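Below: coords-v7.cif (mmCIF, C-alpha atoms)
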data_protein
loop_
_atom_site.label_atom_id
_atom_site.label_comp_id
_atom_site.auth_asym_id
_atom_site.auth_seq_id
_atom_site.Cartn_x
_atom_site.Cartn_y
_atom_site.Cartn_z
CA MET A 1 -248.78 -22.21 38.64
CA LYS A 2 -247.15 -22.86 35.26
CA SER A 3 -244.27 -20.47 34.60
CA GLN A 4 -244.72 -18.04 31.73
CA LYS A 5 -242.81 -18.87 28.55
CA VAL A 6 -241.02 -16.02 26.75
CA LEU A 7 -239.23 -15.90 23.41
CA ILE A 8 -236.56 -13.20 23.31
CA THR A 9 -234.77 -12.34 20.08
CA GLY A 10 -231.27 -10.87 20.30
CA THR A 11 -230.15 -12.58 23.53
CA ALA A 12 -226.46 -12.35 22.60
CA GLY A 13 -227.02 -8.61 22.17
CA PHE A 14 -226.69 -5.91 24.79
CA ILE A 15 -230.27 -5.37 25.98
CA GLY A 16 -231.41 -8.93 25.20
CA PHE A 17 -228.60 -10.37 27.35
CA HIS A 18 -229.59 -8.26 30.37
CA LEU A 19 -233.32 -8.93 29.93
CA ALA A 20 -232.94 -12.70 29.49
CA ASN A 21 -230.77 -13.01 32.59
CA ARG A 22 -233.26 -11.03 34.67
CA LEU A 23 -236.26 -13.04 33.43
CA VAL A 24 -234.70 -16.46 34.04
CA ARG A 25 -233.78 -15.37 37.58
CA GLU A 26 -237.42 -14.40 38.11
CA GLY A 27 -238.63 -17.85 37.03
CA PHE A 28 -239.75 -17.29 33.45
CA GLN A 29 -239.10 -20.02 30.90
CA VAL A 30 -236.89 -18.23 28.36
CA ASP A 31 -235.99 -19.26 24.81
CA GLY A 32 -233.34 -17.01 23.28
CA ILE A 33 -232.51 -16.45 19.61
CA ASP A 34 -229.49 -14.71 18.11
CA ASN A 35 -227.49 -15.13 14.91
CA ILE A 36 -224.28 -13.91 16.62
CA ASN A 37 -223.25 -11.86 13.57
CA ASP A 38 -219.94 -10.03 13.30
CA TYR A 39 -221.24 -6.44 13.19
CA TYR A 40 -219.10 -6.02 16.29
CA ASP A 41 -216.74 -8.31 18.24
CA VAL A 42 -218.28 -11.78 18.33
CA ASN A 43 -216.30 -12.63 21.48
CA ILE A 44 -218.33 -10.17 23.55
CA LYS A 45 -221.53 -11.80 22.30
CA LEU A 46 -220.23 -15.27 23.13
CA ASP A 47 -219.07 -14.07 26.56
CA ARG A 48 -222.53 -12.67 27.29
CA LEU A 49 -223.96 -16.11 26.56
CA LYS A 50 -221.22 -17.81 28.61
CA TYR A 51 -222.17 -15.55 31.53
CA ALA A 52 -225.67 -17.05 31.30
CA GLY A 53 -224.35 -20.61 31.39
CA PHE A 54 -223.82 -21.44 27.71
CA ASP A 55 -220.36 -22.96 27.38
CA PHE A 56 -219.25 -22.09 23.85
CA SER A 57 -215.67 -22.85 22.88
CA GLN A 58 -216.60 -21.77 19.36
CA LEU A 59 -219.59 -20.40 17.46
CA PRO A 60 -222.57 -22.73 17.94
CA GLU A 61 -224.11 -24.26 14.84
CA PHE A 62 -227.35 -22.88 13.44
CA GLY A 63 -230.66 -24.50 14.29
CA LYS A 64 -229.67 -26.48 17.40
CA TRP A 65 -231.13 -25.79 20.83
CA ILE A 66 -228.55 -25.48 23.62
CA GLN A 67 -229.40 -25.66 27.33
CA SER A 68 -227.89 -23.28 29.88
CA SER A 69 -225.86 -25.07 32.55
CA THR A 70 -226.72 -22.30 35.05
CA TYR A 71 -230.45 -21.90 34.42
CA PRO A 72 -232.62 -24.98 33.69
CA ASN A 73 -235.31 -22.58 32.44
CA TYR A 74 -233.11 -20.99 29.72
CA ARG A 75 -232.21 -22.39 26.33
CA PHE A 76 -230.70 -20.78 23.25
CA ILE A 77 -230.76 -21.33 19.50
CA ARG A 78 -228.59 -19.69 16.85
CA ALA A 79 -230.85 -18.61 13.99
CA ASN A 80 -231.28 -15.84 11.43
CA LEU A 81 -234.62 -14.10 11.81
CA GLU A 82 -234.76 -13.61 8.05
CA ASP A 83 -234.77 -17.43 7.74
CA ARG A 84 -238.52 -17.91 7.48
CA VAL A 85 -238.51 -21.69 7.96
CA ALA A 86 -236.26 -21.48 11.03
CA VAL A 87 -238.52 -18.90 12.68
CA GLU A 88 -241.65 -20.92 11.82
CA ASP A 89 -240.13 -24.02 13.44
CA ILE A 90 -239.18 -22.08 16.59
CA PHE A 91 -242.72 -20.77 17.01
CA LYS A 92 -244.35 -24.14 16.28
CA SER A 93 -242.29 -25.85 18.97
CA GLY A 94 -242.46 -23.03 21.49
CA GLY A 95 -245.96 -22.38 22.83
CA TYR A 96 -244.95 -18.87 23.88
CA ASP A 97 -246.98 -16.63 26.15
CA TYR A 98 -244.87 -13.58 25.28
CA VAL A 99 -242.48 -12.53 22.52
CA ILE A 100 -239.92 -9.78 23.12
CA HIS A 101 -238.31 -8.88 19.81
CA LEU A 102 -235.03 -7.02 20.38
CA ALA A 103 -232.86 -8.42 17.58
CA ALA A 104 -231.98 -5.95 14.83
CA GLN A 105 -229.20 -4.68 12.68
CA ALA A 106 -228.14 -1.76 14.84
CA GLY A 107 -226.25 1.44 14.13
CA VAL A 108 -227.09 4.62 12.25
CA ARG A 109 -223.75 5.16 10.49
CA TYR A 110 -223.43 1.54 9.36
CA SER A 111 -226.71 1.92 7.45
CA LEU A 112 -224.85 4.20 5.02
CA GLU A 113 -222.38 1.38 4.29
CA ASN A 114 -224.62 -1.67 4.26
CA PRO A 115 -228.28 -0.70 3.77
CA TYR A 116 -229.35 -4.19 2.73
CA ALA A 117 -228.54 -5.57 6.19
CA TYR A 118 -231.28 -3.33 7.63
CA ILE A 119 -233.93 -4.54 5.20
CA GLU A 120 -233.03 -8.20 5.66
CA SER A 121 -232.74 -8.18 9.45
CA ASN A 122 -235.07 -5.40 10.58
CA ILE A 123 -237.84 -5.65 7.97
CA ILE A 124 -237.90 -9.29 6.83
CA GLY A 125 -236.85 -10.53 10.28
CA THR A 126 -239.66 -8.58 11.96
CA LEU A 127 -242.16 -9.82 9.37
CA ASN A 128 -241.23 -13.40 10.26
CA ILE A 129 -241.72 -12.64 13.97
CA LEU A 130 -245.14 -11.12 13.23
CA GLU A 131 -246.09 -14.15 11.15
CA GLY A 132 -245.01 -16.37 14.04
CA CYS A 133 -247.31 -14.43 16.39
CA ARG A 134 -250.12 -14.58 13.83
CA HIS A 135 -250.05 -18.36 13.46
CA ASN A 136 -249.10 -19.13 17.07
CA PRO A 137 -251.04 -16.55 19.10
CA VAL A 138 -249.28 -14.86 22.02
CA LYS A 139 -250.59 -12.76 24.89
CA HIS A 140 -248.30 -9.83 24.10
CA LEU A 141 -245.65 -8.91 21.54
CA ILE A 142 -243.13 -6.32 22.74
CA TYR A 143 -240.62 -5.05 20.19
CA ALA A 144 -237.74 -2.59 20.10
CA SER A 145 -238.16 0.62 18.18
CA SER A 146 -235.80 3.57 18.56
CA SER A 147 -235.63 7.26 19.38
CA SER A 148 -234.13 7.64 15.90
CA VAL A 149 -237.67 7.52 14.44
CA TYR A 150 -238.10 11.16 15.57
CA GLY A 151 -235.66 12.13 12.83
CA ALA A 152 -235.93 15.79 11.91
CA ASN A 153 -238.42 16.61 14.70
CA LYS A 154 -237.33 19.64 16.74
CA LYS A 155 -240.06 19.88 19.41
CA MET A 156 -238.60 18.71 22.72
CA PRO A 157 -239.09 16.47 24.54
CA PHE A 158 -240.01 13.91 21.88
CA SER A 159 -243.55 12.66 22.43
CA VAL A 160 -245.07 9.40 21.21
CA HIS A 161 -248.11 11.47 20.23
CA ASP A 162 -246.08 13.46 17.67
CA ASN A 163 -245.87 12.68 13.98
CA VAL A 164 -242.63 10.88 13.02
CA ASP A 165 -242.61 10.97 9.22
CA HIS A 166 -239.21 12.54 8.57
CA PRO A 167 -236.46 10.01 9.37
CA VAL A 168 -232.88 11.00 8.54
CA ALA A 169 -231.31 7.52 8.26
CA LEU A 170 -232.32 4.10 6.95
CA TYR A 171 -231.99 2.59 10.43
CA ALA A 172 -234.77 4.94 11.57
CA VAL A 173 -236.84 4.01 8.52
CA SER A 174 -236.55 0.33 9.42
CA LYS A 175 -237.68 1.00 13.00
CA LYS A 176 -240.64 3.16 11.94
CA SER A 177 -241.54 0.41 9.46
CA ASN A 178 -241.56 -2.09 12.33
CA GLU A 179 -244.11 0.06 14.15
CA LEU A 180 -246.32 0.24 11.07
CA MET A 181 -246.03 -3.49 10.42
CA ALA A 182 -246.94 -4.25 14.05
CA HIS A 183 -249.97 -1.99 13.78
CA ALA A 184 -251.22 -3.73 10.64
CA TYR A 185 -250.85 -7.16 12.26
CA SER A 186 -252.44 -5.90 15.47
CA ASN A 187 -255.41 -4.71 13.42
CA LEU A 188 -255.74 -7.75 11.13
CA PHE A 189 -254.93 -10.54 13.56
CA ASP A 190 -255.65 -9.03 16.98
CA ILE A 191 -252.04 -9.29 18.17
CA PRO A 192 -251.53 -7.11 21.28
CA SER A 193 -248.31 -5.27 20.46
CA THR A 194 -246.20 -2.68 22.24
CA GLY A 195 -243.37 -0.77 20.54
CA LEU A 196 -240.59 0.71 22.67
CA ARG A 197 -238.54 3.69 21.50
CA PHE A 198 -235.24 3.31 23.33
CA PHE A 199 -233.08 6.40 23.95
CA THR A 200 -229.26 5.89 23.78
CA VAL A 201 -228.92 2.83 25.99
CA TYR A 202 -225.61 2.30 27.82
CA GLY A 203 -224.18 0.21 30.65
CA PRO A 204 -222.07 -2.89 31.45
CA TRP A 205 -221.69 -5.40 28.58
CA GLY A 206 -222.54 -2.53 26.18
CA ARG A 207 -221.91 -2.41 22.46
CA PRO A 208 -218.34 -1.65 21.31
CA ASP A 209 -219.66 0.68 18.58
CA MET A 210 -221.37 3.00 21.06
CA ALA A 211 -219.87 6.25 22.39
CA LEU A 212 -219.23 5.17 25.99
CA PHE A 213 -217.34 2.04 24.93
CA LEU A 214 -215.37 3.88 22.22
CA PHE A 215 -214.46 6.76 24.52
CA THR A 216 -213.41 4.55 27.43
CA LYS A 217 -211.27 2.33 25.21
CA ALA A 218 -209.54 5.26 23.49
CA ILE A 219 -208.86 7.19 26.70
CA LEU A 220 -207.35 4.14 28.42
CA GLU A 221 -205.19 3.51 25.34
CA LYS A 222 -204.11 7.19 25.35
CA LYS A 223 -205.68 7.74 21.93
CA PRO A 224 -207.84 10.71 20.90
CA ILE A 225 -211.63 10.46 20.83
CA ASN A 226 -213.80 11.77 17.99
CA VAL A 227 -216.30 14.32 19.29
CA PHE A 228 -219.00 14.93 16.70
CA ASN A 229 -220.79 18.21 16.02
CA HIS A 230 -217.89 19.84 17.90
CA GLY A 231 -219.38 18.54 21.15
CA LYS A 232 -222.70 20.34 20.66
CA MET A 233 -224.74 17.15 20.93
CA ILE A 234 -227.38 16.49 23.56
CA ARG A 235 -228.45 12.94 24.34
CA ASP A 236 -230.99 11.29 26.61
CA PHE A 237 -228.65 8.56 27.90
CA THR A 238 -230.61 5.65 29.43
CA TYR A 239 -229.09 3.01 31.70
CA VAL A 240 -229.70 -0.58 30.62
CA ASP A 241 -231.12 -1.78 33.96
CA ASP A 242 -233.81 0.89 33.69
CA ILE A 243 -234.71 -0.35 30.21
CA VAL A 244 -235.00 -3.92 31.52
CA GLU A 245 -237.14 -2.87 34.50
CA ALA A 246 -239.55 -1.04 32.20
CA ILE A 247 -239.86 -4.02 29.84
CA ILE A 248 -240.56 -6.43 32.71
CA ARG A 249 -243.28 -4.16 34.08
CA LEU A 250 -244.81 -3.87 30.61
CA ILE A 251 -245.02 -7.64 29.98
CA PRO A 252 -248.33 -8.17 31.86
CA ASN A 253 -249.73 -4.83 30.65
CA HIS A 254 -251.31 -6.04 27.43
CA PRO A 255 -252.36 -3.11 25.24
CA ALA A 256 -256.05 -2.61 24.58
CA PRO A 257 -257.82 -0.57 21.89
CA ASN A 258 -258.17 3.11 22.73
CA PRO A 259 -261.96 3.81 22.73
CA GLU A 260 -261.28 7.53 22.17
CA TRP A 261 -259.06 7.01 19.13
CA SER A 262 -260.36 8.96 16.13
CA GLY A 263 -259.39 8.83 12.48
CA MET A 264 -260.26 12.52 12.31
CA ASN A 265 -257.39 13.29 14.67
CA PRO A 266 -255.30 10.13 14.75
CA ASP A 267 -253.06 9.56 17.77
CA PRO A 268 -249.80 7.85 16.62
CA ALA A 269 -249.20 6.27 20.05
CA THR A 270 -252.49 4.37 20.38
CA SER A 271 -255.06 2.79 18.09
CA PHE A 272 -258.47 1.25 17.59
CA SER A 273 -256.43 -1.98 17.72
CA PRO A 274 -254.54 -3.43 20.72
CA TYR A 275 -251.43 -1.38 19.99
CA ARG A 276 -249.25 1.03 21.98
CA ILE A 277 -246.00 2.96 21.55
CA PHE A 278 -243.86 4.14 24.48
CA ASN A 279 -240.67 6.11 24.91
CA ILE A 280 -238.13 4.63 27.32
CA GLY A 281 -235.60 7.32 28.18
CA ASN A 282 -234.03 8.95 31.21
CA SER A 283 -235.81 12.27 30.48
CA ASN A 284 -232.73 14.13 31.65
CA PRO A 285 -230.71 14.86 28.49
CA ILE A 286 -227.14 16.04 28.92
CA GLN A 287 -224.49 17.69 26.78
CA LEU A 288 -222.02 15.33 25.15
CA MET A 289 -219.15 17.25 26.75
CA ASP A 290 -220.65 16.64 30.22
CA PHE A 291 -220.91 12.93 29.36
CA ILE A 292 -217.22 12.91 28.36
CA PHE A 293 -216.28 14.78 31.55
CA ALA A 294 -218.00 12.08 33.66
CA ILE A 295 -215.90 9.44 31.88
CA GLU A 296 -212.70 11.48 32.43
CA GLU A 297 -213.58 11.96 36.09
CA LYS A 298 -214.11 8.23 36.67
CA LEU A 299 -210.94 7.28 34.81
CA GLY A 300 -208.87 10.10 36.28
CA VAL A 301 -207.61 10.93 32.78
CA GLU A 302 -208.35 13.88 30.47
CA ALA A 303 -209.27 12.80 26.95
CA GLN A 304 -207.53 14.04 23.81
CA LYS A 305 -210.40 15.32 21.68
CA ASN A 306 -210.77 15.47 17.89
CA MET A 307 -213.58 17.95 17.28
CA MET A 308 -215.52 16.70 14.25
CA PRO A 309 -218.53 17.89 12.23
CA MET A 310 -221.97 16.28 12.55
CA GLN A 311 -222.13 12.87 10.89
CA PRO A 312 -224.72 12.02 8.20
CA GLY A 313 -227.82 10.48 9.74
CA ASP A 314 -227.19 11.93 13.23
CA VAL A 315 -229.46 14.37 15.04
CA PRO A 316 -228.17 17.12 17.36
CA GLU A 317 -230.50 16.45 20.29
CA THR A 318 -232.76 13.79 21.82
CA SER A 319 -235.06 14.06 24.81
CA SER A 320 -237.84 11.72 25.89
CA ASP A 321 -241.32 12.39 27.23
CA VAL A 322 -242.10 9.27 29.29
CA LYS A 323 -245.34 10.38 30.97
CA ASP A 324 -247.40 7.66 29.26
CA LEU A 325 -244.95 4.99 30.41
CA TYR A 326 -244.97 6.23 34.02
CA ASP A 327 -248.77 6.55 34.08
CA LEU A 328 -249.09 2.88 33.09
CA ILE A 329 -246.34 1.13 35.06
CA GLY A 330 -245.40 3.60 37.81
CA PHE A 331 -241.77 3.61 36.75
CA GLN A 332 -239.45 5.71 34.68
CA PRO A 333 -235.66 5.47 34.16
CA SER A 334 -233.76 7.46 36.77
CA THR A 335 -230.20 6.09 37.02
CA SER A 336 -227.83 9.07 36.89
CA VAL A 337 -225.27 9.27 34.09
CA LYS A 338 -222.50 9.52 36.69
CA GLN A 339 -223.58 6.26 38.34
CA GLY A 340 -224.19 4.50 35.03
CA ILE A 341 -220.79 5.48 33.63
CA SER A 342 -219.11 4.37 36.86
CA ASN A 343 -220.79 0.96 36.62
CA PHE A 344 -219.77 0.59 32.99
CA ILE A 345 -216.12 1.50 33.59
CA ASP A 346 -215.93 -0.90 36.56
CA TRP A 347 -217.21 -3.65 34.24
CA TYR A 348 -214.85 -2.59 31.42
CA ARG A 349 -211.76 -2.69 33.64
CA ASP A 350 -212.75 -6.11 34.99
CA TYR A 351 -213.68 -7.59 31.59
CA PHE A 352 -210.56 -6.37 29.77
CA LYS A 353 -208.28 -6.61 32.84
CA VAL A 354 -207.11 -2.98 32.58
#
Would you encode the structure as structure tokens?
Amino acid sequence: MKSQKVLITGTAGFIGFHLANRLVREGFQVDGIDNINDYYDVNIKLDRLKYAGFDFSQLPEFGKWIQSSTYPNYRFIRANLEDRVAVEDIFKSGGYDYVIHLAAQAGVRYSLENPYAYIESNIIGTLNILEGCRHNPVKHLIYASSSSVYGANKKMPFSVHDNVDHPVALYAVSKKSNELMAHAYSNLFDIPSTGLRFFTVYGPWGRPDMALFLFTKAILEKKPINVFNHGKMIRDFTYVDDIVEAIIRLIPNHPAPNPEWSGMNPDPATSFSPYRIFNIGNSNPIQLMDFIFAIEEKLGVEAQKNMMPMQPGDVPETSSDVKDLYDLIGFQPSTSVKQGISNFIDWYRDYFKV
């Protein structure tokens, strides 16, 4: 049987790296795209790719396919998703069964400093992916959304069947826009599409701008950590391996139109088109201070804490309702925060030799 061919965007990124490595080990033919931008340390991105068998002594040039020396079924190209011609060429040459679109300009706070990056990468880049799927039909498009789309919603846990029309940061706007764009293309061009709202993903090889990485680094360097909203934050922390497992189980589950969908009482999570939205979260939100305590316990060091006010664009609490996800794939994230933090810190100490 011919192996399934998958295009993954963002394979030098945190989730994309883990997903690509899992899929190539399971026999999928994987093409990876990333622009390897400098939003955070480029060396971590290059090292993720090196781990997968791409031997980069320096940044690879744009537009050239590179073969993994570890996996004969994995190749990589450096490209900007907002480069329409580059994306068109990738799709024309690919013959993809599935597209998993994870690349994005990440970060809530950075959207206050550089809003244009979010429009270029997250809006124009996603449009080019949708156009690629339109002109080179695929069995299933899966794309990353975010729990940030819930914005000012207060009803917990967050449900995909709730209205999400009050975002509090441009990053959230870009992710909600991606869902709307995917729905329009699903309707017009019959593209089966599934949007995934990730909840605070963490784990080994994680992003240096995320809390776990920042806290671990500061504590080991005997520097204070910034604790926002005076520690009164609640987050649904989700371990990266659980995210990857859910995506893999969703790949063959192509969305179908919901025959009970009604414009008189429209369900945001389904449609008359082949379109679905799912939450992927641990469904066990914890206090930020408990999260910090788990880091302190693993490191054997008490953190110096700078208690800070809430930051613009942040929300005080997230919590995921994942019933729809579990009903479909028989799986929901369950890795404990204690175990996930332990795994991350083991990786951190090994990677940075501390």
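Closest to Ile119 (chain A) among A:Ala103, A:Ala303, A:Ile251, A:Val173 is A:Val173, based on only C-alpha atoms.
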Report task. Could you check how far CA of Lys305 (chain A) sits from CA of Ser342 (chain A), in Å to one decimal? Result ->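 CA of Lys305 (chain A) sits 20.6 Å away from CA of Ser342 (chain A).
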Requested in this report: Could you tell me which residues the PyMOL selection byres ((chain A and resi 60-69) around 10) grabs in this file, written as a PyMOL selection string?
Outcome: chain A and resi 31-36+46+49-59+70-80+86-87+89-90
Report task. Name the closest residue to Phe213 (chain A) among the candidates A:Ile345, A:Ile280, A:Val240, A:Met310; distances are taken between atoms, counting all atoms listed in the file. Result ->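 For Phe213 (chain A), the nearest of the candidates is A:Ile345.
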Report task. Identify, on the basis of all atoms listed in the file, every residue whose closest approach to Leu250 (chain A) does not exceed 9 Å; exclude the query and any residue fewer than 2 positions from it along the same chain; express the result as a PyMOL selection string. Result -> chain A and resi 142+194+245-248+252-254+325+328-329
Would you save the residues of that selection, restricted to C-alpha atoms, as a short mmCIF file (atom, residue, chain, number, x, y, z; two decimals), keeping the file's coordinate frame?
data_model
loop_
_atom_site.label_atom_id
_atom_site.label_comp_id
_atom_site.auth_asym_id
_atom_site.auth_seq_id
_atom_site.Cartn_x
_atom_site.Cartn_y
_atom_site.Cartn_z
CA ILE A 142 -243.13 -6.32 22.74
CA THR A 194 -246.20 -2.68 22.24
CA GLU A 245 -237.14 -2.87 34.50
CA ALA A 246 -239.55 -1.04 32.20
CA ILE A 247 -239.86 -4.02 29.84
CA ILE A 248 -240.56 -6.43 32.71
CA PRO A 252 -248.33 -8.17 31.86
CA ASN A 253 -249.73 -4.83 30.65
CA HIS A 254 -251.31 -6.04 27.43
CA LEU A 325 -244.95 4.99 30.41
CA LEU A 328 -249.09 2.88 33.09
CA ILE A 329 -246.34 1.13 35.06
#
Requested in this report: Check the smallest atom-to-atom distance from each of A:Glu297, A:Asp97, A:Glu120, A:Glu82 to Pro192 (chain A) using all atoms listed in the file, then report the winner.
Outcome: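 Closest to Pro192 (chain A), using all atoms listed in the file: A:Asp97.
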Query - Contacts of Tyr96 (chain A) at 10 Å (only C-alpha atoms; same-chain gap of 2+ positions) as a PyMOL selection string - result: chain A and resi 4-7+29-31+90-94+98-99+133+136-140
Requested in this report: Mind listing whatever residues come within 8 Å of the point (-246.9, 6.0, 18.9)? Use only C-alpha atoms, file coordinates, and give them as a ChimeraX atom specification.
Outcome: /A:160-162,195,267-270,276-278
Export, as a PDB file, in the frame of the given file, the selected residues with C-alpha atoms.
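See out-v5.pdb below for the written result:
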ATOM      1  CA  VAL A 160    -245.070   9.400  21.210  1.00  0.00           C
ATOM      2  CA  HIS A 161    -248.110  11.470  20.230  1.00  0.00           C
ATOM      3  CA  ASP A 162    -246.080  13.460  17.670  1.00  0.00           C
ATOM      4  CA  GLY A 195    -243.370  -0.770  20.540  1.00  0.00           C
ATOM      5  CA  ASP A 267    -253.060   9.560  17.770  1.00  0.00           C
ATOM      6  CA  PRO A 268    -249.800   7.850  16.620  1.00  0.00           C
ATOM      7  CA  ALA A 269    -249.200   6.270  20.050  1.00  0.00           C
ATOM      8  CA  THR A 270    -252.490   4.370  20.380  1.00  0.00           C
ATOM      9  CA  ARG A 276    -249.250   1.030  21.980  1.00  0.00           C
ATOM     10  CA  ILE A 277    -246.000   2.960  21.550  1.00  0.00           C
ATOM     11  CA  PHE A 278    -243.860   4.140  24.480  1.00  0.00           C
TER      12      PHE A 278
END
**Report entry** Computed interatomic separation between CA of Asp83 (chain A) and CA of Asn43 (chain A) (Å)
**Finding:** 23.5 Å
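The result of the PyMOL selection byres ((chain A and resi 154) around 12) on the shown file is Tyr150, Gly151, Ala152, Asn153, Lys155, Met156, Pro157, Phe158, Ser159, Asp162, Asn163, Val164, His166, Val315, Pro316, Glu317, Thr318 and Ser319 of chain A.
Considering the residues A:Tyr118, A:Phe237, A:Phe198, A:Phe189 and counting only C-alpha atoms, Gln105 (chain A) has its shortest atom-to-atom contact with A:Tyr118.
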Query raised in the report: Using the chain letters and numbers from the file, which residues does the PyMOL selection byres ((chain A and resi 292) around 10) grab, as a PyMOL selection string?
Result: chain A and resi 211-212+215-216+225+227+231+287-291+293-297+302-303+305+341
Query raised in the report: Distance CA of Leu112 (chain A)-CA of Thr9 (chain A), one decimal place?
Result: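 Between these atoms lies a distance of 24.5 Å.
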Requested in this report: Dig up all the protein and nucleic acid residues within 9 Å of (-227.7, -6.3, 9.0) in the file frame, using all atoms listed in the file, and format them as a count of residues only.
Outcome: 16
Query - Residue with smallest distance to Phe17 (chain A) - pool A:Asp190, A:Asp350, A:Asp241, A:Asp38, counting all atoms listed in the file - result: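 Ranked by minimum distance to Phe17 (chain A), first place goes to A:Asp241.
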Grab all the atoms of region 33-51 of chain A that the file lists, wrap them in a box along x, y and z, add 5 Å per side, and give me centre plus edge lengths in Å (one decimal) as JSON.
{"center_x": -224.4, "center_y": -11.9, "center_z": 22.4, "size_x": 26.2, "size_y": 21.8, "size_z": 28.3}
